[in-house]
Amino acid sequence: MEERHGNYYIKKVDYLGSGEFGYADRVTVESLDRRTKGEYAKKFFQPKDEKINKDPILLEQFRRRFRREVVSQSQCLHENIVPIYLCNLKTEKPWFIMEVAEGDLLSDINKNILTTHDKISIAYMVLRGVQCIHKRKFLHRDIKPTNVLRFKGGIYKVSDFGLVKDTDPKEGSTNLTQIGTKMGTDRYMAPEVLYNAEYTVQTDIYAVGRLIEDLRINDENVLPLINKCTKLEKSDRYKTIGEVLSDFNDISWGSKA
């Protein structure tokens, strides 16, 4: 099935998979002169939970969350953040088009295929991606290995802005914290998130620390960095991702296979 959107034709190739709030198809995108632009992933908003679908107010809350995901992710232009190319947020079943990933970080960790050099590079890419998000005055709020995707050339990019929060009061951010606390993974949630639903830059830093810990980098110098990222008291953690990056860059890695 083919559809036209603006100056492009979009055609479904096959089905990629689904989650709690939608599904994704593999599609081709062509310009009006029929020049193929390549294959992409088209992600649709379609909750599985019938309680959501039958409740107009709740459904609209989640639809707003989907729109927030698309808008915020498209504003974070960085080589380590998955870009969004096309979207339609006004249709009954909103969608957006992004790159097709080759895999995700959790799968790569579980396969035990990453060298120490790979792990260091991945940690650096994640840190740079999150730094961009924070510079745009967003909190990601769901940083974990499954939300870090691998693309051609071994490039890893932060994805899934479904729980994003805008910290700039000028932008009139939609408060979806109540929804957010019901999602995500406990391991990557800072204590203040679990007990008080409190989100700050330090809660993202906590999650990043856990993710770097998951990488199991074989270097004792990285342990103090992880410990500082994951302190129980947020005031004891790094103040910014830039500080984490600075300490990460200061580690003398030597020659790592």
# chains A, B, ... in the order shown; residues from 1 in each chain; ligands from 1
>>> residues_around(residues="Thr203 of chain A", least_positions_apart="4", cutoff="7 Å", atoms="only C-alpha atoms", output="count of residues only")
4
>>> select_by_dssp(residues="segment 13-242 of chain A", states="strand (DSSP E or B)", output="PyMOL selection string")
chain A and resi 13-19+22-31+36-45+81+84-88+95-98+103-104+138-139+148-151+155-158+165-166
>>> residues_around(residues="Val201 of chain A", least_positions_apart="5", cutoff="8 Å", atoms="only C-alpha atoms", output="ChimeraX atom specification")
/A:134,139,239-240
>>> closest_residue(among="A:Ile143, A:Leu163, A:Leu232, A:Leu105", to="Tyr195 of chain A", atoms="only C-alpha atoms")
A:Leu232
>>> atom_distance(atom1="atom CA of Lys48 of chain A", atom2="atom CA of Asn147 of chain A")
19.9 Å
>>> atom_distance(atom1="atom CA of Tyr85 of chain A", atom2="atom CA of Val71 of chain A")
11.2 Å
>>> closest_residue(among="A:Gly242, A:Pro94, A:Gly6, A:Gly38", to="Glu60 of chain A", atoms="only C-alpha atoms")
A:Pro94
>>> atom_distance(atom1="atom CA of Ile113 of chain A", atom2="atom CA of Leu223 of chain A")
21.5 Å
>>> residues_around(residues="Asp204 of chain A", least_positions_apart="4", cutoff="8 Å", atoms="only C-alpha atoms", output="ChimeraX atom specification")
/A:139-143,200,208
>>> residues_around(residues="Lys157 of chain A", least_positions_apart="2", cutoff="8 Å", atoms="only C-alpha atoms", output="list in words")
Glu79, Asn80, Ile81, Val82, Met125, Val126, Gly129, Val148, Leu149, Arg150, Phe151, Ile155 and Ser159 of chain A
>>> closest_residue(among="A:Met98, A:Gln202, A:Leu194, A:Cys76", to="Ile133 of chain A", atoms="only C-alpha atoms")
A:Cys76
>>> closest_residue(among="A:Trp253, A:Tyr238, A:Phe66, A:Tyr40", to="Glu102 of chain A", atoms="only C-alpha atoms")
A:Tyr40
>>> residues_around(residues="Leu32 of chain A", least_positions_apart="2", cutoff="12 Å", atoms="only C-alpha atoms", output="ChimeraX atom specification")
/A:3-10,29-30,34-37
>>> write_last_selection(atoms="N, CA and C atoms", output="short mmCIF file (atom, residue, chain, number, x, y, z; two decimals), in the first residue's frame")
data_model
loop_
_atom_site.label_atom_id
_atom_site.label_comp_id
_atom_site.auth_asym_id
_atom_site.auth_seq_id
_atom_site.Cartn_x
_atom_site.Cartn_y
_atom_site.Cartn_z
N GLU A 3 1.11 5.61 -0.04
CA GLU A 3 0.42 6.87 0.25
C GLU A 3 1.34 8.03 -0.10
N ARG A 4 0.73 9.16 -0.37
CA ARG A 4 1.51 10.36 -0.62
C ARG A 4 1.44 11.27 0.60
N HIS A 5 2.62 11.78 0.98
CA HIS A 5 2.68 12.75 2.08
C HIS A 5 3.61 13.87 1.64
N GLY A 6 3.01 15.05 1.39
CA GLY A 6 3.81 16.17 0.91
C GLY A 6 4.47 15.84 -0.41
N ASN A 7 5.78 15.95 -0.44
CA ASN A 7 6.54 15.71 -1.67
C ASN A 7 7.11 14.30 -1.76
N TYR A 8 6.51 13.36 -1.01
CA TYR A 8 7.04 12.00 -0.97
C TYR A 8 5.94 10.96 -1.10
N TYR A 9 6.33 9.81 -1.65
CA TYR A 9 5.50 8.62 -1.64
C TYR A 9 6.07 7.66 -0.60
N ILE A 10 5.18 7.12 0.21
CA ILE A 10 5.60 6.20 1.27
C ILE A 10 4.93 4.85 1.03
N VAL A 29 10.74 5.34 1.00
CA VAL A 29 10.30 6.72 0.75
C VAL A 29 10.87 7.15 -0.59
N GLU A 30 10.00 7.64 -1.47
CA GLU A 30 10.42 8.11 -2.78
C GLU A 30 9.97 9.55 -2.99
N ARG A 34 9.95 9.77 -8.29
CA ARG A 34 10.15 8.33 -8.11
C ARG A 34 11.61 7.94 -7.89
N ARG A 35 12.38 8.84 -7.35
CA ARG A 35 13.74 8.49 -6.96
C ARG A 35 13.71 7.94 -5.54
N THR A 36 14.14 6.72 -5.36
CA THR A 36 14.08 6.09 -4.05
C THR A 36 15.05 6.77 -3.09
N LYS A 37 14.56 7.12 -1.94
CA LYS A 37 15.38 7.76 -0.92
C LYS A 37 15.93 6.74 0.08
#
>>> closest_residue(among="A:Asp214, A:Glu20, A:Glu99, A:Glu192", to="Ile122 of chain A", atoms="only C-alpha atoms")
A:Asp214
>>> decode(residues="segment 129-174 of chain A", atoms="N, CA and C atoms", output="tab-separated table (two decimals), in the first residue's frame")
chain	number	residue	atom	x	y	z
A	129	GLY	N	24.94	12.28	23.15
A	129	GLY	CA	23.54	12.38	22.78
A	129	GLY	C	22.71	12.99	23.91
A	130	VAL	N	22.92	12.52	25.12
A	130	VAL	CA	22.18	13.04	26.27
A	130	VAL	C	22.55	14.50	26.53
A	131	GLN	N	23.79	14.85	26.32
A	131	GLN	CA	24.21	16.24	26.48
A	131	GLN	C	23.42	17.15	25.54
A	132	CYS	N	23.21	16.71	24.32
A	132	CYS	CA	22.42	17.48	23.36
A	132	CYS	C	20.98	17.64	23.85
A	133	ILE	N	20.41	16.57	24.37
A	133	ILE	CA	19.04	16.62	24.88
A	133	ILE	C	18.92	17.65	25.99
A	134	HIS	N	19.88	17.63	26.91
A	134	HIS	CA	19.85	18.58	28.03
A	134	HIS	C	20.08	20.02	27.57
A	135	LYS	N	20.92	20.20	26.56
A	135	LYS	CA	21.14	21.55	26.04
A	135	LYS	C	19.87	22.12	25.42
A	136	ARG	N	19.01	21.23	24.93
A	136	ARG	CA	17.73	21.66	24.38
A	136	ARG	C	16.67	21.84	25.47
A	137	LYS	N	17.13	21.70	26.74
A	137	LYS	CA	16.27	21.86	27.92
A	137	LYS	C	15.19	20.77	28.04
A	138	PHE	N	15.54	19.55	27.60
A	138	PHE	CA	14.68	18.41	27.77
A	138	PHE	C	15.30	17.44	28.76
A	139	LEU	N	14.45	16.66	29.42
A	139	LEU	CA	14.89	15.48	30.17
A	139	LEU	C	14.37	14.27	29.41
A	140	HIS	N	15.23	13.27	29.20
A	140	HIS	CA	14.82	12.09	28.46
A	140	HIS	C	13.92	11.19	29.30
A	141	ARG	N	14.33	10.90	30.52
A	141	ARG	CA	13.58	10.16	31.53
A	141	ARG	C	13.41	8.66	31.26
A	142	ASP	N	14.03	8.15	30.21
A	142	ASP	CA	13.92	6.71	29.95
A	142	ASP	C	15.21	6.19	29.30
A	143	ILE	N	16.34	6.63	29.82
A	143	ILE	CA	17.63	6.20	29.27
A	143	ILE	C	17.93	4.80	29.76
A	144	LYS	N	18.11	3.87	28.82
A	144	LYS	CA	18.44	2.48	29.13
A	144	LYS	C	18.93	1.83	27.83
A	145	PRO	N	19.59	0.69	27.92
A	145	PRO	CA	20.20	0.08	26.73
A	145	PRO	C	19.23	-0.19	25.57
A	146	THR	N	17.98	-0.55	25.86
A	146	THR	CA	17.04	-0.82	24.76
A	146	THR	C	16.66	0.45	24.00
A	147	ASN	N	16.91	1.60	24.60
A	147	ASN	CA	16.60	2.87	23.94
A	147	ASN	C	17.83	3.51	23.31
A	148	VAL	N	18.89	2.74	23.19
A	148	VAL	CA	20.09	3.16	22.46
A	148	VAL	C	20.23	2.21	21.28
A	149	LEU	N	20.07	2.73	20.07
A	149	LEU	CA	20.02	1.90	18.87
A	149	LEU	C	21.32	1.96	18.09
A	150	ARG	N	21.63	0.84	17.42
A	150	ARG	CA	22.85	0.75	16.61
A	150	ARG	C	22.50	0.89	15.13
A	151	PHE	N	23.33	1.69	14.43
A	151	PHE	CA	23.14	1.91	13.01
A	151	PHE	C	24.42	1.55	12.25
A	152	LYS	N	24.38	1.73	10.96
A	152	LYS	CA	25.52	1.38	10.10
A	152	LYS	C	26.80	2.04	10.61
A	153	GLY	N	27.89	1.30	10.51
A	153	GLY	CA	29.18	1.83	10.93
A	153	GLY	C	29.39	1.80	12.42
A	154	GLY	N	28.52	1.08	13.15
A	154	GLY	CA	28.69	0.99	14.60
A	154	GLY	C	28.37	2.28	15.33
A	155	ILE	N	27.50	3.10	14.74
A	155	ILE	CA	27.09	4.34	15.38
A	155	ILE	C	25.87	4.07	16.27
A	156	TYR	N	25.95	4.47	17.51
A	156	TYR	CA	24.85	4.30	18.45
A	156	TYR	C	24.17	5.64	18.69
A	157	LYS	N	22.83	5.58	18.75
A	157	LYS	CA	22.06	6.81	18.89
A	157	LYS	C	20.96	6.63	19.93
A	158	VAL	N	20.73	7.67	20.72
A	158	VAL	CA	19.66	7.67	21.71
A	158	VAL	C	18.33	7.83	20.99
A	159	SER	N	17.35	7.01	21.40
A	159	SER	CA	16.04	7.04	20.77
A	159	SER	C	14.95	7.04	21.82
A	160	ASP	N	13.71	6.87	21.38
A	160	ASP	CA	12.53	6.73	22.23
A	160	ASP	C	12.38	7.88	23.23
A	161	PHE	N	11.83	8.97	22.74
A	161	PHE	CA	11.58	10.16	23.57
A	161	PHE	C	10.19	10.13	24.17
A	162	GLY	N	9.63	8.94	24.35
A	162	GLY	CA	8.25	8.81	24.81
A	162	GLY	C	7.96	9.41	26.17
A	163	LEU	N	8.98	9.50	27.04
A	163	LEU	CA	8.77	10.07	28.37
A	163	LEU	C	9.45	11.43	28.54
A	164	VAL	N	9.79	12.05	27.42
A	164	VAL	CA	10.53	13.30	27.48
A	164	VAL	C	9.75	14.37	28.24
A	165	LYS	N	10.49	15.25	28.90
A	165	LYS	CA	9.89	16.37	29.62
A	165	LYS	C	10.63	17.64	29.25
A	166	ASP	N	9.89	18.67	28.95
A	166	ASP	CA	10.46	19.97	28.62
A	166	ASP	C	10.64	20.75	29.92
A	167	THR	N	11.87	21.15	30.22
A	167	THR	CA	12.14	21.86	31.46
A	167	THR	C	12.08	23.37	31.31
A	168	ASP	N	11.83	23.85	30.08
A	168	ASP	CA	11.77	25.29	29.83
A	168	ASP	C	10.34	25.77	30.06
A	169	PRO	N	10.09	26.54	31.13
A	169	PRO	CA	8.72	27.00	31.42
A	169	PRO	C	8.15	27.88	30.33
A	170	LYS	N	8.99	28.46	29.52
A	170	LYS	CA	8.52	29.32	28.44
A	170	LYS	C	7.79	28.52	27.37
A	171	GLU	N	8.10	27.22	27.30
A	171	GLU	CA	7.53	26.39	26.26
A	171	GLU	C	6.18	25.79	26.64
A	172	GLY	N	5.76	26.00	27.89
A	172	GLY	CA	4.46	25.48	28.30
A	172	GLY	C	4.42	23.97	28.26
A	173	SER	N	5.39	23.33	28.86
A	173	SER	CA	5.50	21.87	28.82
A	173	SER	C	4.27	21.17	29.37
A	174	THR	N	3.88	20.09	28.71
A	174	THR	CA	2.78	19.27	29.19
A	174	THR	C	3.29	18.36	30.29
